[in-house]
$ cat start-v2.tsv   # TSV, C-alpha atoms and all ligand atoms
chain	number	residue	atom	x	y	z
Z	1	MET	CA	8.18	27.48	5.14
Z	2	ILE	CA	5.50	26.72	2.51
Z	3	ASN	CA	3.08	25.92	5.32
Z	4	ALA	CA	3.81	29.26	6.92
Z	5	ILE	CA	3.14	31.03	3.61
Z	6	ILE	CA	-0.14	29.13	3.16
Z	7	ALA	CA	-1.11	29.97	6.75
Z	8	LEU	CA	-0.48	33.65	6.11
Z	9	ALA	CA	-2.44	33.45	2.86
Z	10	VAL	CA	-5.40	31.91	4.70
Z	11	ILE	CA	-5.24	34.58	7.39
Z	12	ALA	CA	-5.02	37.26	4.71
Z	13	ALA	CA	-8.15	35.81	3.13
Z	14	PHE	CA	-9.91	35.94	6.51
Z	15	LEU	CA	-8.90	39.56	6.90
Z	16	TRP	CA	-10.04	40.55	3.45
Z	17	ILE	CA	-13.43	38.85	3.74
Z	18	TYR	CA	-13.95	40.30	7.17
Z	19	TRP	CA	-13.06	43.77	6.00
Z	20	GLN	CA	-15.50	43.50	3.15
Z	21	LYS	CA	-18.35	42.30	5.32
Z	22	LYS	CA	-17.87	44.06	8.66
Z	23	PRO	CA	-16.40	47.47	8.08
Z	24	LYS	CA	-18.01	49.02	11.14
Z	25	GLN	CA	-16.49	46.82	13.83
Z	26	SER	CA	-13.96	48.30	16.21
Z	27	LEU	CA	-10.92	49.23	14.18
Z	28	THR	CA	-7.40	50.13	15.15
Z	29	SER	CA	-5.95	53.49	14.18
Z	30	THR	CA	-4.80	51.87	10.89
Z	31	GLY	CA	-8.35	50.70	10.12
Z	32	VAL	CA	-7.70	46.93	10.63
Z	33	PRO	CA	-10.28	45.05	12.77
Z	34	LYS	CA	-8.81	44.55	16.23
Z	35	ASP	CA	-9.71	40.87	16.63
Z	36	TYR	CA	-7.87	40.01	13.45
Z	37	LEU	CA	-4.71	41.69	14.49
Z	38	VAL	CA	-4.94	39.74	17.74
Z	39	GLY	CA	-5.52	36.47	15.83
Z	40	LEU	CA	-2.73	37.17	13.38
Z	41	ASN	CA	-0.40	38.13	16.20
Z	42	TYR	CA	-1.04	34.82	17.96
Z	43	LEU	CA	-0.36	32.93	14.75
Z	44	LEU	CA	2.89	34.77	14.10
Z	45	ASN	CA	3.97	34.10	17.67
Z	46	GLU	CA	3.32	30.42	17.03
Z	47	GLU	CA	0.35	30.28	19.35
Z	48	PRO	CA	-2.10	28.72	16.89
Z	49	ASP	CA	-4.54	27.60	19.63
Z	50	LYS	CA	-5.16	31.18	20.71
Z	51	ALA	CA	-5.31	32.28	17.07
Z	52	VAL	CA	-7.94	29.66	16.26
Z	53	GLU	CA	-9.91	30.69	19.38
Z	54	VAL	CA	-10.02	34.33	18.33
Z	55	LEU	CA	-10.84	33.57	14.69
Z	56	ILE	CA	-13.63	31.14	15.59
Z	57	LYS	CA	-15.13	33.52	18.12
Z	58	THR	CA	-15.30	36.51	15.87
Z	59	LEU	CA	-16.01	35.31	12.37
Z	60	GLN	CA	-19.54	35.00	11.04
Z	61	VAL	CA	-19.93	31.90	8.92
Z	62	ASP	CA	-21.68	32.31	5.61
Z	63	SER	CA	-21.12	31.02	2.12
Z	64	ASP	CA	-18.28	33.50	1.55
Z	65	THR	CA	-16.31	32.49	4.60
Z	66	ILE	CA	-16.91	28.72	4.83
Z	67	GLU	CA	-14.28	28.01	2.19
Z	68	THR	CA	-11.74	29.98	4.16
Z	69	TYR	CA	-12.61	28.02	7.30
Z	70	LEU	CA	-12.29	24.74	5.41
Z	71	ALA	CA	-8.94	25.85	3.98
Z	72	LEU	CA	-7.65	26.68	7.46
Z	73	GLY	CA	-8.89	23.32	8.79
Z	74	HIS	CA	-7.27	21.53	5.86
Z	75	LEU	CA	-4.02	23.35	6.53
Z	76	PHE	CA	-3.95	22.28	10.18
Z	77	ARG	CA	-4.77	18.68	9.27
Z	78	ARG	CA	-2.03	18.62	6.66
Z	79	ARG	CA	0.43	19.87	9.23
Z	80	GLY	CA	-0.63	17.03	11.52
Z	81	GLU	CA	-2.37	19.45	13.92
Z	82	VAL	CA	-5.56	17.40	13.82
Z	83	ASP	CA	-7.00	18.69	17.13
Z	84	ARG	CA	-7.10	22.21	15.73
Z	85	ALA	CA	-8.66	21.05	12.48
Z	86	ILE	CA	-11.33	19.18	14.47
Z	87	ARG	CA	-12.14	22.29	16.53
Z	88	ILE	CA	-12.56	24.39	13.41
Z	89	HIS	CA	-14.77	21.85	11.65
Z	90	GLN	CA	-16.88	21.13	14.75
Z	91	ASN	CA	-17.42	24.84	15.13
Z	92	LEU	CA	-18.57	25.04	11.52
Z	93	ILE	CA	-21.05	22.20	11.92
Z	94	ALA	CA	-22.56	23.84	14.99
Z	95	ARG	CA	-23.66	26.85	12.92
Z	96	PRO	CA	-27.38	26.58	12.06
Z	97	SER	CA	-27.02	28.98	9.12
Z	98	LEU	CA	-25.19	26.43	6.94
Z	99	SER	CA	-26.84	25.14	3.79
Z	100	LYS	CA	-27.11	21.34	3.32
Z	101	ASN	CA	-24.17	21.37	0.89
Z	102	GLU	CA	-21.98	23.41	3.26
Z	103	ARG	CA	-22.86	21.18	6.19
Z	104	MET	CA	-21.90	18.06	4.21
Z	105	LEU	CA	-18.60	19.67	3.18
Z	106	ALA	CA	-17.86	20.36	6.84
Z	107	LEU	CA	-18.85	16.80	7.88
Z	108	LEU	CA	-16.63	15.38	5.14
Z	109	ALA	CA	-13.73	17.50	6.42
Z	110	LEU	CA	-14.36	16.47	10.03
Z	111	GLY	CA	-14.49	12.82	8.93
Z	112	GLN	CA	-11.06	13.24	7.35
Z	113	ASP	CA	-9.77	14.75	10.60
Z	114	TYR	CA	-10.93	11.72	12.58
Z	115	LEU	CA	-9.56	9.38	9.92
Z	116	ARG	CA	-6.19	11.10	10.18
Z	117	ALA	CA	-6.36	10.91	13.99
Z	118	GLY	CA	-7.15	7.17	13.80
Z	119	VAL	CA	-10.58	7.61	15.44
Z	120	TYR	CA	-12.18	5.33	12.88
Z	121	ASP	CA	-15.63	4.78	14.42
Z	122	ARG	CA	-16.37	8.49	14.49
Z	123	ALA	CA	-15.00	9.00	10.99
Z	124	GLU	CA	-17.13	6.10	9.73
Z	125	ARG	CA	-20.32	7.56	11.25
Z	126	LEU	CA	-19.65	10.93	9.61
Z	127	PHE	CA	-19.01	9.49	6.14
Z	128	LEU	CA	-22.17	7.37	6.41
Z	129	GLU	CA	-24.13	10.50	7.33
Z	130	VAL	CA	-22.73	12.29	4.26
Z	131	ILE	CA	-23.69	9.31	2.06
Z	132	ASP	CA	-27.26	9.46	3.46
Z	133	SER	CA	-27.49	13.06	2.26
Z	134	LYS	CA	-26.81	11.85	-1.33
Z	135	LEU	CA	-24.03	14.42	-1.60
Z	136	TYR	CA	-20.30	13.64	-1.93
Z	137	VAL	CA	-21.17	9.94	-2.02
Z	138	GLN	CA	-18.15	8.72	-4.02
Z	139	GLU	CA	-15.67	10.66	-1.87
Z	140	SER	CA	-17.28	9.26	1.27
Z	141	TYR	CA	-17.09	5.68	0.01
Z	142	ARG	CA	-13.39	6.15	-0.80
Z	143	TYR	CA	-12.72	7.30	2.76
Z	144	LEU	CA	-14.85	4.46	4.15
Z	145	ILE	CA	-12.80	1.94	2.15
Z	146	ASP	CA	-9.65	3.47	3.61
Z	147	ILE	CA	-11.06	3.00	7.13
Z	148	TYR	CA	-12.18	-0.60	6.55
Z	149	GLN	CA	-8.78	-1.52	5.10
Z	150	GLN	CA	-6.98	-0.08	8.11
Z	151	GLU	CA	-9.43	-1.79	10.46
Z	152	LYS	CA	-9.14	-5.03	8.46
Z	153	GLU	CA	-12.93	-5.13	8.17
Z	154	TRP	CA	-12.86	-6.93	4.85
Z	155	GLU	CA	-16.57	-7.66	4.49
Z	156	LYS	CA	-17.40	-3.99	4.92
Z	157	ALA	CA	-14.57	-3.05	2.54
Z	158	ILE	CA	-16.03	-5.40	-0.10
Z	159	LEU	CA	-19.51	-3.88	0.23
Z	160	ALA	CA	-18.19	-0.30	0.07
Z	161	ALA	CA	-16.01	-1.11	-2.95
Z	162	GLU	CA	-18.96	-2.71	-4.73
Z	163	LYS	CA	-21.10	0.38	-4.09
Z	164	LEU	CA	-18.31	2.66	-5.31
Z	165	SER	CA	-17.82	0.54	-8.45
Z	166	THR	CA	-21.46	0.99	-9.41
Z	167	LEU	CA	-21.29	4.75	-8.84
Z	168	SER	CA	-17.94	5.55	-10.43
Z	169	HIS	CA	-15.60	4.42	-13.18
Z	170	ASP	CA	-13.11	3.12	-10.60
Z	171	ASN	CA	-11.89	-0.35	-11.48
Z	172	LEU	CA	-11.77	-2.05	-8.10
Z	173	GLY	CA	-11.84	-5.71	-9.19
Z	174	ARG	CA	-8.25	-6.51	-8.25
Z	175	GLN	CA	-8.60	-4.69	-4.97
Z	176	VAL	CA	-11.76	-6.61	-4.04
Z	177	ALA	CA	-10.03	-9.89	-4.97
Z	178	HIS	CA	-7.37	-9.03	-2.36
Z	179	TYR	CA	-10.09	-8.34	0.22
Z	180	TYR	CA	-11.41	-11.86	-0.44
Z	181	CYS	CA	-7.87	-13.24	-0.03
Z	182	GLU	CA	-7.56	-11.42	3.31
Z	183	LEU	CA	-10.97	-12.73	4.32
Z	184	ALA	CA	-10.00	-16.26	3.25
Z	185	LEU	CA	-6.90	-16.09	5.46
Z	186	GLU	CA	-9.11	-15.22	8.45
Z	187	THR	CA	-11.65	-17.89	7.50
Z	188	GLN	CA	-8.92	-20.49	7.25
Z	189	LYS	CA	-7.83	-19.74	10.82
Z	190	LYS	CA	-11.38	-19.67	12.20
Z	191	SER	CA	-13.31	-22.22	10.16
Z	192	GLY	CA	-10.75	-24.32	8.33
Z	193	ARG	CA	-9.57	-24.92	4.82
Z	194	GLU	CA	-12.82	-25.88	3.08
Z	195	MET	CA	-14.60	-22.65	3.98
Z	196	ALA	CA	-11.49	-20.66	3.08
Z	197	PHE	CA	-11.34	-22.28	-0.37
Z	198	ARG	CA	-14.94	-21.16	-0.94
Z	199	THR	CA	-14.03	-17.59	-0.03
Z	200	LEU	CA	-11.11	-17.68	-2.47
Z	201	LYS	CA	-13.45	-18.68	-5.29
Z	202	LYS	CA	-15.02	-15.24	-4.88
Z	203	ALA	CA	-11.58	-13.66	-5.40
Z	204	TYR	CA	-11.47	-15.17	-8.92
Z	205	GLU	CA	-14.86	-13.64	-9.67
Z	206	TYR	CA	-13.26	-10.22	-9.28
Z	207	ASP	CA	-9.83	-11.01	-10.72
Z	208	LYS	CA	-9.70	-14.18	-12.77
Z	209	TYR	CA	-5.89	-14.06	-12.71
Z	210	CYS	CA	-5.66	-13.64	-8.94
Z	211	VAL	CA	-2.15	-14.98	-8.36
Z	212	ARG	CA	-2.45	-14.56	-4.61
Z	213	ALA	CA	-5.50	-16.86	-4.48
Z	214	SER	CA	-3.71	-19.61	-6.41
Z	215	TRP	CA	-0.59	-19.24	-4.31
Z	216	LEU	CA	-2.63	-19.44	-1.08
Z	217	GLN	CA	-4.41	-22.58	-2.26
Z	218	GLY	CA	-1.05	-24.09	-3.13
Z	219	ASP	CA	0.22	-23.34	0.38
Z	220	TRP	CA	-2.86	-24.83	2.05
Z	221	GLU	CA	-2.71	-27.99	-0.04
Z	222	ARG	CA	0.97	-28.32	0.82
Z	223	GLN	CA	0.23	-27.89	4.53
Z	224	ALA	CA	-2.41	-30.62	4.22
Z	225	GLY	CA	0.17	-32.91	2.61
Z	226	ASN	CA	-1.43	-32.84	-0.86
Z	227	MET	CA	1.77	-32.11	-2.78
Z	228	LYS	CA	0.50	-32.84	-6.27
Z	229	ALA	CA	-2.55	-30.61	-5.80
Z	230	ALA	CA	-0.26	-27.93	-4.34
Z	231	LEU	CA	2.01	-28.12	-7.40
Z	232	ARG	CA	-0.99	-27.61	-9.69
Z	233	TYR	CA	-1.93	-24.42	-7.84
Z	234	TYR	CA	1.66	-23.14	-7.88
Z	235	ARG	CA	1.85	-23.72	-11.64
Z	236	GLN	CA	-1.44	-21.87	-11.99
Z	237	ALA	CA	-0.01	-18.97	-9.94
Z	238	LEU	CA	3.01	-18.77	-12.28
Z	239	SER	CA	0.80	-18.77	-15.36
Z	240	GLU	CA	-1.21	-15.91	-13.82
Z	241	ASP	CA	1.83	-13.80	-12.96
Z	242	ALA	CA	5.34	-15.13	-13.56
Z	243	ASP	CA	6.82	-12.17	-11.67
Z	244	PHE	CA	6.18	-14.07	-8.45
Z	245	LEU	CA	8.38	-16.96	-9.51
Z	246	PRO	CA	11.07	-16.23	-6.87
Z	247	GLU	CA	8.42	-16.63	-4.14
Z	248	VAL	CA	6.55	-19.61	-5.56
Z	249	LEU	CA	9.59	-21.61	-6.63
Z	250	PRO	CA	10.93	-22.57	-3.15
Z	251	ALA	CA	7.45	-23.91	-2.27
Z	252	MET	CA	7.46	-26.02	-5.46
Z	253	VAL	CA	10.90	-27.39	-4.62
Z	254	ALA	CA	9.64	-28.28	-1.12
Z	255	CYS	CA	6.72	-30.23	-2.67
Z	256	TYR	CA	9.10	-32.29	-4.83
Z	257	GLU	CA	11.41	-32.90	-1.87
Z	258	ASP	CA	8.44	-34.19	0.09
Z	259	LEU	CA	7.50	-36.44	-2.84
Z	260	ASN	CA	11.18	-37.46	-2.97
Z	261	ASP	CA	11.17	-37.06	-6.74
Z	262	GLU	CA	14.38	-35.29	-7.77
Z	263	ARG	CA	14.02	-36.27	-11.39
Z	264	ALA	CA	10.56	-34.77	-11.77
Z	265	LEU	CA	11.86	-31.66	-10.01
Z	266	MET	CA	14.74	-31.27	-12.49
Z	267	ASP	CA	12.35	-31.77	-15.41
Z	268	GLU	CA	9.97	-29.16	-14.06
Z	269	LEU	CA	12.81	-26.68	-13.35
Z	270	LYS	CA	14.22	-27.06	-16.87
Z	271	GLN	CA	10.78	-26.63	-18.36
Z	272	LEU	CA	10.24	-23.50	-16.29
Z	273	LEU	CA	13.65	-22.15	-17.31
Z	274	ALA	CA	12.64	-22.31	-20.97
Z	275	GLN	CA	9.56	-20.23	-20.13
Z	276	TYR	CA	10.92	-17.91	-17.43
Z	277	PRO	CA	14.70	-17.40	-17.54
Z	278	ARG	CA	14.93	-15.77	-14.09
Z	279	ILE	CA	17.97	-15.76	-11.84
Z	280	SER	CA	16.15	-17.38	-8.86
Z	281	LEU	CA	15.40	-20.35	-11.06
Z	282	ILE	CA	18.93	-20.49	-12.47
Z	283	LEU	CA	20.38	-20.48	-8.93
Z	284	ILE	CA	18.08	-23.28	-7.75
Z	285	LEU	CA	19.05	-25.37	-10.79
Z	286	ALA	CA	22.74	-24.69	-10.09
Z	287	ASP	CA	22.24	-25.86	-6.48
Z	288	ARG	CA	20.59	-29.08	-7.56
Z	289	LEU	CA	23.31	-29.71	-10.15
Z	290	GLN	CA	26.02	-29.14	-7.56
Z	291	LYS	CA	24.43	-31.68	-5.20
Z	292	LYS	CA	23.88	-34.22	-7.97
Z	293	GLU	CA	26.91	-33.82	-10.22
Z	294	GLY	CA	29.37	-31.67	-8.29
Z	295	ALA	CA	30.66	-28.09	-8.38
Z	296	THR	CA	32.16	-28.27	-11.89
Z	297	ALA	CA	28.82	-29.12	-13.52
Z	298	ALA	CA	27.17	-26.29	-11.58
Z	299	VAL	CA	29.92	-23.80	-12.56
Z	300	ASP	CA	29.60	-24.73	-16.25
Z	301	PHE	CA	25.82	-24.37	-16.16
Z	302	LEU	CA	25.91	-21.07	-14.26
Z	303	ALA	CA	28.64	-19.53	-16.45
Z	304	GLU	CA	26.66	-20.37	-19.57
Z	305	GLN	CA	23.44	-18.93	-18.15
Z	306	LEU	CA	25.13	-15.75	-16.95
Z	307	GLN	CA	26.33	-14.98	-20.46
Z	308	GLN	CA	22.71	-14.65	-21.51
Z	309	LYS	CA	21.45	-13.23	-18.24
Z	310	PRO	CA	24.01	-11.05	-16.41
Z	311	SER	CA	23.23	-10.91	-12.70
Z	312	ILE	CA	25.12	-9.88	-9.57
Z	313	ARG	CA	23.48	-12.66	-7.55
Z	314	GLY	CA	24.54	-15.10	-10.26
Z	315	LEU	CA	28.10	-13.81	-10.23
Z	316	ASP	CA	28.22	-14.07	-6.43
Z	317	ARG	CA	27.11	-17.72	-6.60
Z	318	LEU	CA	29.60	-18.44	-9.37
Z	319	ILE	CA	32.45	-17.19	-7.19
Z	320	HIS	CA	31.24	-19.37	-4.29
Z	321	LEU	CA	31.09	-22.40	-6.56
Z	322	GLN	CA	34.50	-21.66	-8.02
Z	323	GLN	CA	35.94	-21.69	-4.51
Z	324	ALA	CA	34.23	-25.02	-3.82
Z	325	GLN	CA	35.88	-26.65	-6.81
Z	326	SER	CA	38.77	-28.93	-5.95
Z	327	GLU	CA	41.00	-27.82	-8.80
Z	328	GLN	CA	41.24	-24.05	-8.49
Z	329	PRO	CA	42.07	-22.41	-11.78
Z	330	VAL	CA	41.76	-18.89	-10.35
Z	331	GLU	CA	44.00	-17.28	-7.77
Z	332	PRO	CA	42.04	-17.66	-4.46
Z	333	ARG	CA	42.90	-14.15	-3.28
Z	334	ASN	CA	41.35	-12.67	-6.44
Z	335	LEU	CA	38.23	-14.73	-5.88
Z	336	ALA	CA	37.93	-13.53	-2.28
Z	337	LEU	CA	38.26	-9.93	-3.50
Z	338	LEU	CA	35.58	-10.45	-6.15
Z	339	GLN	CA	33.32	-11.99	-3.56
Z	340	THR	CA	33.71	-9.03	-1.21
Z	341	LEU	CA	32.61	-6.83	-4.08
Z	342	THR	CA	29.53	-8.85	-5.01
Z	343	GLU	CA	28.49	-9.19	-1.36
Z	344	ALA	CA	28.83	-5.42	-0.87
Z	345	LEU	CA	26.71	-4.85	-3.99
Z	346	LEU	CA	23.98	-7.17	-2.72
Z	347	LYS	CA	24.01	-6.10	0.93
Z	348	ASP	CA	20.83	-4.32	2.14
Z	349	LYS	CA	19.41	-4.21	-1.37
Z	350	PRO	CA	15.62	-4.06	-1.46
Z	351	VAL	CA	14.09	-7.04	-3.20
Z	352	TYR	CA	10.68	-5.60	-4.03
Z	353	ARG	CA	9.58	-2.34	-5.56
Z	354	CYS	CA	6.20	-0.71	-6.17
Z	355	LEU	CA	5.59	-0.16	-9.89
Z	356	GLN	CA	3.29	2.72	-9.02
Z	357	CYS	CA	5.29	4.84	-6.56
Z	358	GLY	CA	8.74	3.25	-6.30
Z	359	TYR	CA	8.36	2.21	-2.62
Z	360	SER	CA	10.93	-0.50	-2.02
Z	361	SER	CA	11.29	-3.11	0.69
Z	362	LYS	CA	12.84	-6.42	1.61
Z	363	ILE	CA	9.50	-8.13	2.19
Z	364	LEU	CA	6.52	-8.54	-0.13
Z	365	HIS	CA	3.51	-6.34	0.63
Z	366	TRP	CA	0.32	-6.93	-1.32
Z	367	TYR	CA	-0.85	-3.45	-0.31
Z	368	CYS	CA	1.68	-0.68	-0.94
Z	369	PRO	CA	2.22	1.41	2.23
Z	370	GLY	CA	3.57	4.20	0.01
Z	371	CYS	CA	0.81	4.84	-2.53
Z	372	LYS	CA	-1.96	2.67	-1.01
Z	373	HIS	CA	-2.49	0.56	-4.10
Z	374	TRP	CA	-3.02	-3.20	-4.17
Z	375	ASN	CA	-0.88	-5.57	-6.19
Z	376	THR	CA	1.62	-2.95	-7.39
Z	377	ILE	CA	4.68	-4.31	-5.55
Z	378	LYS	CA	6.79	-6.76	-7.54
Z	379	PRO	CA	10.24	-8.37	-7.28
Z	380	ILE	CA	12.93	-6.05	-8.69
Z	381	MET	CA	14.14	-7.12	-12.12
Z	382	GLY	CA	17.44	-6.53	-13.93
Z	383	ILE	CA	21.10	-7.11	-13.14
Z	384	GLU	CA	20.67	-6.37	-9.41
Z	385	GLY	CA	17.41	-8.31	-9.07
Z	386	GLU	CA	15.67	-11.12	-10.89
Y	1	ZN	ZN	3.27	2.20	-4.17
$ encode --input "start-v2.tsv" --output "structure tokens"
Amino acid sequence: MINAIIALAVIAAFLWIYWQKKPKQSLTSTGVPKDYLVGLNYLLNEEPDKAVEVLIKTLQVDSDTIETYLALGHLFRRRGEVDRAIRIHQNLIARPSLSKNERMLALLALGQDYLRAGVYDRAERLFLEVIDSKLYVQESYRYLIDIYQQEKEWEKAILAAEKLSTLSHDNLGRQVAHYYCELALETQKKSGREMAFRTLKKAYEYDKYCVRASWLQGDWERQAGNMKAALRYYRQALSEDADFLPEVLPAMVACYEDLNDERALMDELKQLLAQYPRISLILILADRLQKKEGATAAVDFLAEQLQQKPSIRGLDRLIHLQQAQSEQPVEPRNLALLQTLTEALLKDKPVYRCLQCGYSSKILHWYCPGCKHWNTIKPIMGIEGE
């Protein structure tokens, strides 16, 4: 509905400008230019292709009308009718009467059409041409970065982000650090760990608290069997951003299991608990206690922790443990009922949420598909989360 209103507004603008500039063209008995009634009629009959044809054919482009053309093109692109937007913008560019500024505006618009259509090579060429003109340089770099991210061309993305940083006040450090992490992942597959480590060093130059880089190094050391080195990197990751504790913790436990050092694991977990009282950590400690000392010790520990840190996941585990106990102080049917409730509360709950736009998901994305920001998605906190 809003689109339809905007479309009519754009057409009305066409009509008005045309009336002002070409009063002598063939008019209908009501004084309206014939071609415009034809164009408008097509649009109202939902035949936008014919409408565009008529409007393109009949309208003279000059500085008064280019904005109207651009608005119509923008409208079609926004509605997902990219082919029509492309036709309008290509038609604009073909006009020799355009000033340099107008031509660059049209190229920028056409680039956005191709970007939207996923024709990245053409979009890239257009934005580079705009940059060469020294006009709309920052906008063009932002679109180029968008293309390189979608194409996973990380080296190009780094260069474009560096250029944009020098031209604007955009703080792109964290974003570039992620590009280096992406690049390091590719390097690791192609050229091995040593080269990949070198690439990750660059990530720290852009974000000295790059948790992803530390986490990756931990994973690679673990894969190489260097558990103690891996643990150092995981600790570093937690000191950089403790929010990722639920992800890093299982890897740390795996390192200790490989080292076969349960005691050191318990010491580390207790130490971490003092620093980061998160439910993932409490549940892992409860598990270890259950294995080592039995269900009663785990129940006591969990019940005490839950008093300070109420959590549905914690409650769910407590009910499980209670059922595992040999002496059952609670009526089993009541426990089963409670468990149904906690399971229903936890079922299909997203685990991560973007702090910027609220996008939520069950898997961790470093790049938010919702708002297109890097590093804004975190594990959900509170009674239903961590
Ligand atoms: Zn987001």
$ residues_near_point --input "start-v2.tsv" --point "(2.1, -17.5, -13.3)" --cutoff "10 Å" --atoms "all atoms listed in the file" --output "list of chain:residue names"
Z:Tyr209, Z:Cys210, Z:Val211, Z:Ser214, Z:Trp215, Z:Tyr233, Z:Tyr234, Z:Arg235, Z:Gln236, Z:Ala237, Z:Leu238, Z:Ser239, Z:Glu240, Z:Asp241, Z:Ala242, Z:Asp243, Z:Phe244, Z:Leu245, Z:Val248, Z:Tyr276
$ closest_residue --input "start-v2.tsv" --among "Z:Arg77, Z:Ser168, Z:Arg198, Z:Ala117" --to "Z:Tyr180" --atoms "only C-alpha atoms"
Z:Arg198
$ closest_atom_pairs --input "start-v2.tsv" --of "chain Z" --to "ligand ZN 1 (chain Y)" --cutoff "12 Å" --atoms "only C-alpha atoms and all ligand atoms" --output "CSV"
residue,atom,partner,partner_atom,distance
Z:Tyr352,CA,Y:ZN1,ZN,10.8
Z:Arg353,CA,Y:ZN1,ZN,7.9
Z:Cys354,CA,Y:ZN1,ZN,4.6
Z:Leu355,CA,Y:ZN1,ZN,6.6
Z:Gln356,CA,Y:ZN1,ZN,4.9
Z:Cys357,CA,Y:ZN1,ZN,4.1
Z:Gly358,CA,Y:ZN1,ZN,6.0
Z:Tyr359,CA,Y:ZN1,ZN,5.3
Z:Ser360,CA,Y:ZN1,ZN,8.4
Z:Ser361,CA,Y:ZN1,ZN,10.8
Z:Leu364,CA,Y:ZN1,ZN,11.9
Z:His365,CA,Y:ZN1,ZN,9.8
Z:Trp366,CA,Y:ZN1,ZN,10.0
Z:Tyr367,CA,Y:ZN1,ZN,8.0
Z:Cys368,CA,Y:ZN1,ZN,4.6
Z:Pro369,CA,Y:ZN1,ZN,6.5
Z:Gly370,CA,Y:ZN1,ZN,4.6
Z:Cys371,CA,Y:ZN1,ZN,4.0
Z:Lys372,CA,Y:ZN1,ZN,6.1
Z:His373,CA,Y:ZN1,ZN,6.0
Z:Trp374,CA,Y:ZN1,ZN,8.3
Z:Asn375,CA,Y:ZN1,ZN,9.0
Z:Thr376,CA,Y:ZN1,ZN,6.3
Z:Ile377,CA,Y:ZN1,ZN,6.8
Z:Lys378,CA,Y:ZN1,ZN,10.2
$ atom_distance --input "start-v2.tsv" --atom1 "atom CA of Z:Glu102" --atom2 "atom CA of Z:Pro48"
24.7 Å
$ atom_distance --input "start-v2.tsv" --atom1 "atom CA of Z:Val253" --atom2 "atom CA of Z:Arg288"
10.3 Å
$ atom_distance --input "start-v2.tsv" --atom1 "atom CA of Z:Leu302" --atom2 "atom CA of Z:Ile319"
10.4 Å
$ closest_residue --input "start-v2.tsv" --among "Z:Ile66, Z:Ala109, Z:Leu335, Z:Ala177" --to "Z:Arg95" --atoms "only C-alpha atoms"
Z:Ile66
$ residues_near_point --input "start-v2.tsv" --point "(14.8, -25.8, -14.9)" --cutoff "12 Å" --atoms "only C-alpha atoms" --output "number ranges by chain"
Z: 249, 252-253, 262-289, 301, 305
$ write_last_selection --input "start-v2.tsv" --atoms "C-alpha atoms" --output "JSON list (two decimals), in the frame of the given file"
[["chain", "number", "residue", "atom", "x", "y", "z"],
["Z", 249, "LEU", "CA", 9.59, -21.61, -6.63],
["Z", 252, "MET", "CA", 7.46, -26.02, -5.46],
["Z", 253, "VAL", "CA", 10.90, -27.39, -4.62],
["Z", 262, "GLU", "CA", 14.38, -35.29, -7.77],
["Z", 263, "ARG", "CA", 14.02, -36.27, -11.39],
["Z", 264, "ALA", "CA", 10.56, -34.77, -11.77],
["Z", 265, "LEU", "CA", 11.86, -31.66, -10.01],
["Z", 266, "MET", "CA", 14.74, -31.27, -12.49],
["Z", 267, "ASP", "CA", 12.35, -31.77, -15.41],
["Z", 268, "GLU", "CA", 9.97, -29.16, -14.06],
["Z", 269, "LEU", "CA", 12.81, -26.68, -13.35],
["Z", 270, "LYS", "CA", 14.22, -27.06, -16.87],
["Z", 271, "GLN", "CA", 10.78, -26.63, -18.36],
["Z", 272, "LEU", "CA", 10.24, -23.50, -16.29],
["Z", 273, "LEU", "CA", 13.65, -22.15, -17.31],
["Z", 274, "ALA", "CA", 12.64, -22.31, -20.97],
["Z", 275, "GLN", "CA", 9.56, -20.23, -20.13],
["Z", 276, "TYR", "CA", 10.92, -17.91, -17.43],
["Z", 277, "PRO", "CA", 14.70, -17.40, -17.54],
["Z", 278, "ARG", "CA", 14.93, -15.77, -14.09],
["Z", 279, "ILE", "CA", 17.97, -15.76, -11.84],
["Z", 280, "SER", "CA", 16.15, -17.38, -8.86],
["Z", 281, "LEU", "CA", 15.40, -20.35, -11.06],
["Z", 282, "ILE", "CA", 18.93, -20.49, -12.47],
["Z", 283, "LEU", "CA", 20.38, -20.48, -8.93],
["Z", 284, "ILE", "CA", 18.08, -23.28, -7.75],
["Z", 285, "LEU", "CA", 19.05, -25.37, -10.79],
["Z", 286, "ALA", "CA", 22.74, -24.69, -10.09],
["Z", 287, "ASP", "CA", 22.24, -25.86, -6.48],
["Z", 288, "ARG", "CA", 20.59, -29.08, -7.56],
["Z", 289, "LEU", "CA", 23.31, -29.71, -10.15],
["Z", 301, "PHE", "CA", 25.82, -24.37, -16.16],
["Z", 305, "GLN", "CA", 23.44, -18.93, -18.15]]
$ residues_around --input "start-v2.tsv" --residues "Z:Phe76" --least-positions-apart "2" --cutoff "10 Å" --atoms "only C-alpha atoms" --output "PyMOL selection string"
chain Z and resi 3+7+48+70-74+78-86+88+113
$ closest_atom_pairs --input "start-v2.tsv" --of "stretch 187-250 of chain Z" --to "stretch 156-166 of chain Z" --cutoff "12 Å" --atoms "all atoms listed in the file" --output "Markdown table"
| residue | atom | partner | partner_atom | distance |
| --- | --- | --- | --- | --- |
| Z:Lys202 | CA | Z:Ile158 | CA | 11.0 |
| Z:Ala203 | CA | Z:Ile158 | CA | 10.8 |
| Z:Tyr206 | CA | Z:Glu162 | CA | 10.5 |
$ closest_residue --input "start-v2.tsv" --among "Z:Arg193, Z:Lys100, Z:Glu47, Z:Trp154" --to "Z:Glu129" --atoms "only C-alpha atoms"
Z:Lys100
$ residues_around --input "start-v2.tsv" --residues "stretch 220-226 of chain Z" --least-positions-apart "6" --cutoff "12 Å" --atoms "all atoms listed in the file" --output "MDAnalysis selection string"
chainID Z and resid 184:185 188:189 192:194 196:197 200 213:214 232:234 251:259
